[in-house]
Protein chains: 2
Amino acid sequence: MARAGLTPDRLARAGAELADEIGFDQVSPSALARRFGVQVASLYAHVRGAHDLRSRIAQVALDEMADRASEALAGRAGRDALVALAAVYRDYAREHPGRYAASQYRVDPGSPAVDAGRRHSELTRAVLRGYNLDEPAQTDAIRLLGSLFNGYIGLELGGSFAHTSPSSDESWPRILDAIDSLLRNWTKS
Amino acid sequence: MARAGLTPDRLARAGAELADEIGFDQVSPSALARRFGVQVASLYAHVRGAHDLRSRIAQVALDEMADRASEALAGRAGRDALVALAAVYRDYAREHPGRYAASQYRVDPGSPAVDAGRRHSELTRAVLRGYNLDEPAQTDAIRLLGSLFNGYIGLELGGSFAHTSPSSDESWPRILDAIDSLLRNWTKS
DNA sequence: TCGTTTGCCTAAAGCCTTTAGGTTTGCACA
DNA sequence: TGTGCAAACCTAAAGGCTTTAGGCAAACGA
């Protein structure tokens, strides 16, 4: 009987692919074992259980997004950086809806995903360097941007903006323009 | 054997309470039957299945929030209305985390929850009357506000803003101030 | 070559969802 | 006051998912 070569990492990566195909909340030890042609119980040697598996997939997604964001922000500042960061998240969510859903998975404190969260904060902070905000406005702005991106993508993926005009693609850049202007004039608000 | 007096409505309402107690995704036909002291199969006479049950709970939550918002907006305009609407959503989410989670449940097109969604849009549109935006900026602004509220509450409930200063309670009004200013100057952006 | 570790297996318990079909309850109406 | 009927609730059962326990065999070091 040839071995499948399972490792926690390969499981997480395959789980991420599976999430994009069948939806994150359909991903389970059971579904993943099927994909590897392996008995369900075999997964439990590599992963503590369903929750652990999903957390690892979340981690994969958060890391991938942070990597993309890092790359996109290199050499950009101000409005350019803002638009680029926004595009990274939105594009990632559209290319990989399952992984994006995974990134929203409630992960328990102490997990490495908390660090990934911090990494995303820092990337947003980098964007804000172009706007010269001082504390606490900078933290407020990080929260605003995080909320807006998450919220917009969530609603868009949920279909809230479909079947209404203007299209979501048209609204998005105009909203970013408005936010750019807001950030440039934050103190004067 | 005394009857429990089940109806689709009572099930949805009890499901909403249960969601606040044990978390929305723990709510299931099985859990609800336990609470009513009834066999699981009995629920299937009133509700088509787990998905239908959760959709009905989502509906309850969306309606309750819209009712509160309606009341809160009466007699308010401009910044007051904005702050009041934001408070309705945020307070509801904190008082009823399970119900709030339910309101995010992906509901299929054609369901009455779609109308509830429209009702929320209209309430946001009412807030914007105080800012004199014309189309398509008004739709953009509705989407911005919806995204921001949903996003902020989601992150806050997920603990993303805990353990960092300033507290979420401090950031929130400042963010609303910034948004108020943004809306007042939208065209000039 | 042999032992040991490790990877994957079978088996089984316990939970959940859903369907099928039976019994009882209580209301409408004679 | 009885009687019939629709509904409400029940038992039974199939099938899926998660998790634990213990067994066989493959790979690897000595």
# chains A, B, ... in the order shown; residues from 1 in each chain; ligands from 1

call {"tool": "closest_atom_pairs", "arguments": {"of": "chain D", "to": "chain A", "cutoff": "8 Å", "atoms": "only C-alpha atoms (C1' of nucleotides)", "output": "CSV"}}
result
residue,atom,partner,partner_atom,distance
D:DC17,C1',A:Ser30,CA,7.0
D:DT18,C1',A:Ala50,CA,7.7
D:DT19,C1',A:Gly49,CA,7.8

call {"tool": "write_last_selection", "arguments": {"atoms": "C-alpha atoms (C1' of nucleotides)", "output": "PDB file, in the first residue's frame"}}
result
ATOM      1  C1'  DC D  17     -19.414  13.347  10.146  1.00  0.00           C
ATOM      2  C1'  DT D  18     -15.856  13.449  14.157  1.00  0.00           C
ATOM      3  C1'  DT D  19     -12.974  11.333  17.179  1.00  0.00           C
TER       4       DT D  19
END

call {"tool": "interface_residues", "arguments": {"of": "chain A", "to": "chain C", "cutoff": "8 Å", "atoms": "only C-alpha atoms (C1' of nucleotides)", "output": "list in words"}}
result
Arg3, Val38, Gln39 and Ser42 of chain A

call {"tool": "interface_residues", "arguments": {"of": "chain B", "to": "chain A", "cutoff": "6 Å", "atoms": "only C-alpha atoms", "output": "PyMOL selection string"}}
result
chain B and resi 140+147-148+150-152+171+178+181-182+189

call {"tool": "write_last_selection", "arguments": {"atoms": "C-alpha atoms", "output": "compact mmCIF listing (two decimals), in the first residue's frame"}}
result
# COMPACT_ATOMS: atom_id res chain seq x y z
CA ASP B 140 -21.56 54.38 -3.22
CA SER B 147 -19.34 47.74 4.59
CA LEU B 148 -17.88 49.78 7.38
CA ASN B 150 -20.47 45.20 9.08
CA GLY B 151 -16.73 45.13 8.94
CA TYR B 152 -16.09 46.99 12.15
CA SER B 171 -12.05 54.52 18.03
CA ALA B 178 -14.35 61.12 10.06
CA SER B 181 -16.93 64.75 7.49
CA LEU B 182 -16.35 62.59 4.44
CA SER B 189 -13.20 64.67 -2.75

call {"tool": "atom_distance", "arguments": {"atom1": "atom CA of A:Thr7", "atom2": "atom CA of A:Ile22"}}
result
21.7 Å

call {"tool": "atom_distance", "arguments": {"atom1": "atom CA of B:Arg54", "atom2": "atom CA of B:Glu21"}}
result
15.0 Å

call {"tool": "select_by_dssp", "arguments": {"residues": "chain A", "states": "helix (DSSP H, G or I)", "output": "ChimeraX atom specification"}}
result
/A:8-22,24-26,29-36,40-43,50-73,78-95,97-103,113-131,137-157,168-184,186-188

call {"tool": "residues_around", "arguments": {"residues": "stretch 12-15 of chain A", "least_positions_apart": "4", "cutoff": "12 Å", "atoms": "only C-alpha atoms (C1' of nucleotides)", "output": "PyMOL selection string"}}
result
chain A and resi 6-8+19-36+43+46-47+50-61+63-64+98-99+102

call {"tool": "atom_distance", "arguments": {"atom1": "atom CA of A:Ala66", "atom2": "atom CA of A:Ala116"}}
result
7.6 Å
